[in-house]
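Colleague: Have a peek at start-v2.pdb (PDB, C-alpha atoms).
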```pdb
ATOM      1  CA  MET A   1     -19.924   0.792  23.184
ATOM      2  CA  PRO A   2     -19.541  -2.972  23.695
ATOM      3  CA  PRO A   3     -16.063  -4.265  24.502
ATOM      4  CA  PRO A   4     -14.105  -5.682  21.549
ATOM      5  CA  SER A   5     -14.639  -9.361  20.885
ATOM      6  CA  ALA A   6     -11.838 -11.909  20.906
ATOM      7  CA  PHE A   7     -11.727 -11.803  17.101
ATOM      8  CA  ASP A   8     -11.601  -7.992  17.123
ATOM      9  CA  ARG A   9      -8.555  -8.188  19.368
ATOM     10  CA  GLU A  10      -6.995 -10.749  17.028
ATOM     11  CA  LEU A  11      -7.568  -8.427  14.058
ATOM     12  CA  GLN A  12      -5.963  -5.567  15.973
ATOM     13  CA  ALA A  13      -2.957  -7.785  16.669
ATOM     14  CA  LEU A  14      -2.790  -8.753  12.981
ATOM     15  CA  ALA A  15      -2.901  -5.078  11.963
ATOM     16  CA  ALA A  16      -0.097  -4.315  14.419
ATOM     17  CA  GLN A  17       1.933  -7.193  12.980
ATOM     18  CA  LEU A  18       1.427  -5.779   9.472
ATOM     19  CA  ARG A  19       2.576  -2.311  10.617
ATOM     20  CA  LYS A  20       5.683  -3.882  12.148
ATOM     21  CA  VAL A  21       6.606  -5.602   8.877
ATOM     22  CA  GLU A  22       5.915  -2.363   6.960
ATOM     23  CA  ALA A  23       8.329  -0.544   9.263
ATOM     24  CA  GLU A  24      10.973  -3.256   8.825
ATOM     25  CA  TYR A  25      10.721  -3.034   5.027
ATOM     26  CA  THR A  26      10.962   0.751   5.242
ATOM     27  CA  MET A  27      14.188   0.365   7.194
ATOM     28  CA  TYR A  28      15.506  -2.114   4.637
ATOM     29  CA  PHE A  29      14.719   0.031   1.594
ATOM     30  CA  SER A  30      16.160   3.115   3.280
ATOM     31  CA  GLY A  31      19.418   1.235   3.868
ATOM     32  CA  ARG A  32      19.170   1.064   7.654
ATOM     33  CA  THR A  33      19.115  -2.754   7.688
ATOM     34  CA  PRO A  34      21.122  -5.034   5.364
ATOM     35  CA  ARG A  35      18.470  -7.685   4.670
ATOM     36  CA  PRO A  36      14.706  -7.715   4.060
ATOM     37  CA  PRO A  37      12.589  -8.968   7.007
ATOM     38  CA  ASN A  38      11.936 -12.415   5.529
ATOM     39  CA  GLU A  39      11.170 -14.119   8.848
ATOM     40  CA  SER A  40       8.676 -11.456   9.944
ATOM     41  CA  ARG A  41       7.096 -11.501   6.472
ATOM     42  CA  ALA A  42       6.750 -15.306   6.549
ATOM     43  CA  ALA A  43       5.077 -15.186   9.972
ATOM     44  CA  LEU A  44       2.671 -12.499   8.737
ATOM     45  CA  ASP A  45       1.877 -14.505   5.626
ATOM     46  CA  ARG A  46       1.086 -17.568   7.750
ATOM     47  CA  ALA A  47      -1.204 -15.469   9.941
ATOM     48  CA  PHE A  48      -3.180 -14.161   6.968
ATOM     49  CA  LYS A  49      -3.506 -17.664   5.513
ATOM     50  CA  ARG A  50      -4.736 -18.977   8.850
ATOM     51  CA  TYR A  51      -7.446 -16.333   9.114
ATOM     52  CA  ASP A  52      -8.320 -16.765   5.434
ATOM     53  CA  ARG A  53      -9.265 -20.390   6.191
ATOM     54  CA  THR A  54     -11.338 -19.325   9.194
ATOM     55  CA  LEU A  55     -15.104 -18.956   8.877
ATOM     56  CA  ILE A  56     -15.873 -15.350   9.873
ATOM     57  CA  GLU A  57     -19.595 -15.083  10.515
ATOM     58  CA  ASN A  58     -19.742 -11.399  11.475
ATOM     59  CA  ALA A  59     -20.096  -9.240   8.338
ATOM     60  CA  MET A  60     -18.211  -6.285   9.811
ATOM     61  CA  ALA A  61     -15.354  -8.528  10.921
ATOM     62  CA  ARG A  62     -15.199 -10.077   7.432
ATOM     63  CA  PHE A  63     -15.023  -6.594   5.896
ATOM     64  CA  GLN A  64     -12.278  -5.501   8.287
ATOM     65  CA  PHE A  65     -10.249  -8.622   7.581
ATOM     66  CA  SER A  66     -10.732  -8.268   3.808
ATOM     67  CA  THR A  67      -9.571  -4.649   3.953
ATOM     68  CA  LEU A  68      -6.507  -5.632   5.952
ATOM     69  CA  GLN A  69      -5.800  -8.526   3.596
ATOM     70  CA  ALA A  70      -6.063  -6.247   0.541
ATOM     71  CA  ARG A  71      -3.626  -3.813   2.119
ATOM     72  CA  TYR A  72      -1.184  -6.638   2.808
ATOM     73  CA  SER A  73      -1.503  -7.925  -0.779
ATOM     74  CA  SER A  74      -0.748  -4.473  -2.192
ATOM     75  CA  PHE A  75       2.294  -4.039   0.005
ATOM     76  CA  ALA A  76       3.526  -7.597  -0.639
ATOM     77  CA  GLU A  77       3.533  -6.948  -4.393
ATOM     78  CA  LEU A  78       5.486  -3.722  -3.965
ATOM     79  CA  TRP A  79       7.922  -5.232  -1.457
ATOM     80  CA  ASP A  80       8.705  -8.065  -3.855
ATOM     81  CA  ARG A  81       9.243  -5.608  -6.700
ATOM     82  CA  GLY A  82      11.496  -3.483  -4.548
ATOM     83  CA  VAL A  83      13.601  -6.431  -3.389
ATOM     84  CA  ARG A  84      14.028  -7.740  -6.950
ATOM     85  CA  ALA A  85      14.966  -4.289  -8.223
ATOM     86  CA  ARG A  86      17.485  -3.822  -5.448
ATOM     87  CA  GLU A  87      19.059  -7.230  -6.063
ATOM     88  CA  GLU A  88      19.312  -6.425  -9.783
ATOM     89  CA  GLY A  89      20.822  -3.001  -9.136
ATOM     90  CA  ARG A  90      17.795  -1.065 -10.377
ATOM     91  CA  GLY A  91      15.877   1.730  -8.697
ATOM     92  CA  GLY A  92      12.584  -0.004  -7.993
ATOM     93  CA  PRO A  93       9.399   1.565  -6.601
ATOM     94  CA  PHE A  94      11.024   2.567  -3.304
ATOM     95  CA  HIS A  95      14.080   4.200  -4.863
ATOM     96  CA  ARG A  96      14.652   7.889  -4.191
ATOM     97  CA  PRO A  97      17.195   9.526  -6.518
ATOM     98  CA  GLN A  98      20.011  11.249  -4.677
ATOM     99  CA  THR A  99      20.865  14.853  -5.488
ATOM    100  CA  ALA A 100      24.132  16.640  -4.919
ATOM    101  CA  ALA A 101      22.338  19.296  -2.892
ATOM    102  CA  ALA A 102      20.973  16.788  -0.396
ATOM    103  CA  ALA A 103      23.070  17.380   2.701
ATOM    104  CA  ALA A 104      21.022  15.002   4.842
ATOM    105  CA  PRO A 105      18.326  12.438   4.039
ATOM    106  CA  PRO A 106      14.792  13.737   4.603
ATOM    107  CA  ALA A 107      12.541  12.103   7.137
ATOM    108  CA  ALA A 108      10.843   9.078   5.603
ATOM    109  CA  ALA A 109       7.167   9.400   4.798
ATOM    110  CA  ASP A 110       4.784   7.050   6.561
ATOM    111  CA  VAL A 111       3.214   4.908   3.823
ATOM    112  CA  LEU A 112      -0.453   4.348   4.694
ATOM    113  CA  HIS A 113      -1.543   2.456   1.568
ATOM    114  CA  ALA A 114      -0.223   1.558  -1.862
ATOM    115  CA  ALA A 115      -1.714  -0.022  -4.977
ATOM    116  CA  THR A 116      -0.923  -0.426  -8.668
ATOM    117  CA  PHE A 117      -3.464  -0.019 -11.476
ATOM    118  CA  SER A 118      -3.600  -0.948 -15.140
ATOM    119  CA  ASP A 119      -7.264   0.002 -15.603
ATOM    120  CA  PRO A 120      -9.069   1.412 -12.539
ATOM    121  CA  VAL A 121     -12.478   0.740 -14.112
ATOM    122  CA  GLN A 122     -11.716  -2.986 -14.008
ATOM    123  CA  GLU A 123     -10.085  -2.831 -10.558
ATOM    124  CA  MET A 124     -12.839  -1.312  -8.442
ATOM    125  CA  ASP A 125     -12.001  -3.268  -5.274
ATOM    126  CA  LYS A 126      -8.449  -1.895  -5.280
ATOM    127  CA  LEU A 127      -9.755   1.571  -6.133
ATOM    128  CA  ARG A 128     -12.243   1.463  -3.258
ATOM    129  CA  ASP A 129      -9.510   0.317  -0.810
ATOM    130  CA  LEU A 130      -7.249   3.180  -1.925
ATOM    131  CA  TYR A 131     -10.113   5.653  -1.516
ATOM    132  CA  GLU A 132     -11.030   4.412   1.964
ATOM    133  CA  SER A 133      -7.411   4.622   3.109
ATOM    134  CA  LEU A 134      -6.979   8.188   1.844
ATOM    135  CA  MET A 135     -10.322   9.382   3.216
ATOM    136  CA  GLN A 136      -9.659   7.841   6.634
ATOM    137  CA  ALA A 137      -6.311   9.625   6.772
ATOM    138  CA  ARG A 138      -8.023  12.898   5.806
ATOM    139  CA  ARG A 139     -10.696  12.402   8.466
ATOM    140  CA  ASP A 140      -8.005  11.669  11.055
ATOM    141  CA  ASP A 141      -6.498  15.058  10.209
ATOM    142  CA  GLY A 142      -9.853  16.837  10.461
ATOM    143  CA  HIS A 143     -10.493  17.199   6.726
ATOM    144  CA  GLU A 144     -13.692  16.313   4.916
ATOM    145  CA  ALA A 145     -13.885  13.291   2.634
ATOM    146  CA  VAL A 146     -14.321  13.904  -1.075
ATOM    147  CA  PRO A 147     -17.002  12.019  -3.029
ATOM    148  CA  PHE A 148     -15.896   8.677  -4.404
ATOM    149  CA  HIS A 149     -16.845   9.535  -7.990
ATOM    150  CA  LYS A 150     -14.547  12.582  -7.951
ATOM    151  CA  PHE A 151     -11.693  10.523  -6.520
ATOM    152  CA  ALA A 152     -12.256   7.773  -9.096
ATOM    153  CA  SER A 153     -12.206  10.320 -11.936
ATOM    154  CA  LEU A 154      -8.925  11.752 -10.637
ATOM    155  CA  VAL A 155      -7.303   8.318 -10.476
ATOM    156  CA  ARG A 156      -8.532   7.361 -13.954
ATOM    157  CA  GLU A 157      -7.181  10.636 -15.372
ATOM    158  CA  GLN A 158      -3.775  10.169 -13.726
ATOM    159  CA  VAL A 159      -3.553   6.597 -14.975
ATOM    160  CA  ARG A 160      -4.488   7.704 -18.510
ATOM    161  CA  THR A 161      -1.948  10.562 -18.471
ATOM    162  CA  LEU A 162       0.929   8.463 -17.165
ATOM    163  CA  GLN A 163       0.185   5.561 -19.507
ATOM    164  CA  GLU A 164       0.215   7.970 -22.449
ATOM    165  CA  ARG A 165       3.713   9.032 -21.390
ATOM    166  CA  HIS A 166       4.842   5.474 -20.610
ATOM    167  CA  PRO A 167       2.846   3.020 -22.768
ATOM    168  CA  GLY A 168       2.464  -0.430 -21.236
ATOM    169  CA  ASP A 169       3.308   0.722 -17.722
ATOM    170  CA  GLU A 170       1.158   0.346 -14.649
ATOM    171  CA  VAL A 171       0.550   3.272 -12.300
ATOM    172  CA  TRP A 172       1.519   3.017  -8.647
ATOM    173  CA  PHE A 173      -0.447   5.143  -6.183
ATOM    174  CA  ARG A 174       0.743   5.760  -2.640
ATOM    175  CA  VAL A 175      -1.027   7.369   0.317
ATOM    176  CA  THR A 176       1.549   8.869   2.659
ATOM    177  CA  ARG A 177       1.749  11.084   5.714
ATOM    178  CA  HIS A 178       4.863  13.234   5.867
ATOM    179  CA  GLU A 179       5.427  15.878   8.522
ATOM    180  CA  GLY A 180       1.719  15.804   9.340
ATOM    181  CA  LYS A 181       0.520  16.186   5.738
ATOM    182  CA  VAL A 182      -1.425  13.449   3.951
ATOM    183  CA  SER A 183      -0.859  13.133   0.223
ATOM    184  CA  LEU A 184      -1.617  10.863  -2.727
ATOM    185  CA  THR A 185       1.166  10.416  -5.264
ATOM    186  CA  ALA A 186       1.325   8.481  -8.527
ATOM    187  CA  ARG A 187       4.179   7.182 -10.648
ATOM    188  CA  ALA A 188       4.527   4.930 -13.666
ATOM    189  CA  VAL A 189       6.121   1.541 -13.052
ATOM    190  CA  LYS A 190       7.069  -1.264 -15.394
ATOM    191  CA  PRO A 191       4.886  -4.363 -14.976
ATOM    192  CA  ALA A 192       6.313  -7.319 -13.024
ATOM    193  CA  ALA A 193      10.106  -7.216 -12.706
ATOM    194  CA  ASP A 194      10.710  -4.542 -15.351
ATOM    195  CA  GLU A 195      12.283  -1.253 -14.380
ATOM    196  CA  ASP A 196      10.047   1.564 -13.155
ATOM    197  CA  ARG A 197      10.146   5.236 -13.984
ATOM    198  CA  ASP A 198       9.154   8.321 -12.075
ATOM    199  CA  ALA A 199       6.018  10.144 -13.128
TER
END
```
Please express what this file holds, its structure, as C-alpha cells.
Modeller:
Amino acid sequence: MPPPSAFDRELQALAAQLRKVEAEYTMYFSGRTPRPPNESRAALDRAFKRYDRTLIENAMARFQFSTLQARYSSFAELWDRGVRAREEGRGGPFHRPQTAAAAAPPAAADVLHAATFSDPVQEMDKLRDLYESLMQARRDDGHEAVPFHKFASLVREQVRTLQERHPGDEVWFRVTRHEGKVSLTARAVKPAADEDRDA
C-alpha cells in the first residue's frame, strides 16, 4: 500500500478537526460546557472553505472531501438548530427529556452521522451519505452491509410514517454507536427554527 499523500494527511487532519468540534458540541448540549464552541466551529468552517476553493485532481480525494463536507453540513444544520432551540428555551434536536426515575445520566451515544429529510427521493446525495455512514459502522463491527435499495425503502417508509403523524415536519435520522451497538434512529422535527417533536 503506498504511503498517504500530503493531501490525504490534510484530509485526515480535517476529519480529526471535525470530530473535535463534534465532541465539543456534544459537551455543550449535554450541559458540560456553558457555551457552544464558536471559535473551533469558525476555524473548521474556514478550513472547509479553503479546501472547497482548492482544485482536487484526484477523484478519490474529491470523493473523500465531498463526503466529509456533506457530514459537516449535516451537523452544522443540526448544531444551529440545537443552539437556537436552547437559547429560546425549547427542547431542540439534541434534547433528552428527563424522567423522575433517572438516577444518573446515561452515557452519551457517539453520533456518527446525522441528516434531515423532507423527501428522500429528491435528496439522494444525503440518503447515500447516510447509507455509507451506517454501513461503514456496521462493517467496523463485523456485520454485513444491507443493499442500498432496502435501506432506501426503509428510510422512505419512516419519513412517510412520521410525516403522516406530524404533517409539515422534516425527519431527522441519526447514526449512533452506544455501548458498542450501532443504531439508526428517526424523529420528526419542525423545519427551520420551529420546535421539534419526538417520533
Colleague: I need the output of the PyMOL selection byres ((chain A and resi 181) around 12) for this file as a ChimeraX atom specification; which residues are they?
Modeller: /A:109-112,134,137-138,140-143,175-180,182-184
Colleague: In terms of the shortest atom-to-atom distance over all atoms listed in the file, which of A:Glu22, A:Asp80, A:Glu157, A:Glu132 is closest to Ala145 of chain A?
Modeller: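 With all atoms listed in the file as the atom set, the closest residue is A:Glu132.
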Colleague: List, as JSON, numbers by chain, every residue that the PyMOL selection byres ((chain A and resi 115) around 9) selects in the file provided.
Modeller: {"A": [71, 73, 74, 75, 77, 78, 113, 114, 116, 117, 126, 127, 129, 130, 171, 172, 173, 174]}
Colleague: What do you get, as number ranges by chain, if you spell out every residue that the PyMOL selection byres ((chain A and resi 169) around 8) selects here?
Modeller: A: 118, 163, 166-168, 170-171, 188-191
Colleague: Please indicate the distance in Å from atom CA of Arg84 of chain A to atom CA of Ala23 of chain A, rounded to one decimal place.
Modeller: 18.6 Å
Colleague: What does the distance from atom CA of Arg41 of chain A to atom CA of Asp8 of chain A come to in Å, to one decimal?
Modeller: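 Interatomic distance, atom CA of Arg41 of chain A to atom CA of Asp8 of chain A: 21.8 Å.
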Colleague: Rounded to one decimal place, report the atom CA of Val159 of chain A-atom CA of Glu123 of chain A distance in Å.
Modeller: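 Atom-to-atom, atom CA of Val159 of chain A and atom CA of Glu123 of chain A are spaced 12.3 Å apart.
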Colleague: With distances taken over all atoms listed in the file, which of A:Phe65, A:Leu55, A:Gly82, A:Ala15 is nearest to Tyr28 of chain A?
Modeller: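 Nearest candidate to Tyr28 of chain A out of A:Phe65, A:Leu55, A:Gly82, A:Ala15: A:Gly82.
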Colleague: Pick from A:Thr161, A:Gln17, A:Gln122, A:Ser133: nearest to Asp45 of chain A, with only C-alpha atoms counted?
Modeller: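 Ranking A:Thr161, A:Gln17, A:Gln122, A:Ser133 by distance to Asp45 of chain A, first place goes to A:Gln17.
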Colleague: With all atoms listed in the file as the basis for distance, which of A:Ala16, A:Leu11, A:Ala59, A:Ala76 is at the shortest distance from Ala42 of chain A?
Modeller: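 Checking each of A:Ala16, A:Leu11, A:Ala59, A:Ala76 against Ala42 of chain A, counting all atoms listed in the file, the winner is A:Ala76.
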Colleague: Looking at A:Glu10, A:Val155, A:Glu144, A:Leu44, which one is nearest to Gln64 of chain A, with distances taken over only C-alpha atoms?
Modeller: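 The shortest atom-to-atom distance to Gln64 of chain A comes from A:Glu10.
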Colleague: Just checking: using all atoms listed in the file, which residue out of A:Arg160, A:Arg81, A:Arg165, A:Arg128 ends up closest to Thr67 of chain A?
Modeller: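 The answer is A:Arg128, which sits nearest to Thr67 of chain A.
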Colleague: How big is the axis-aligned box around the listed atoms of segment 137-153 of chain A once 5 Å is added on each side, and where is its centre? Give both in Å to one decimal, as JSON.
Modeller:
```
{"center_x": -11.7, "center_y": 12.5, "center_z": -0.4, "size_x": 20.7, "size_y": 19.4, "size_z": 33.0}
```
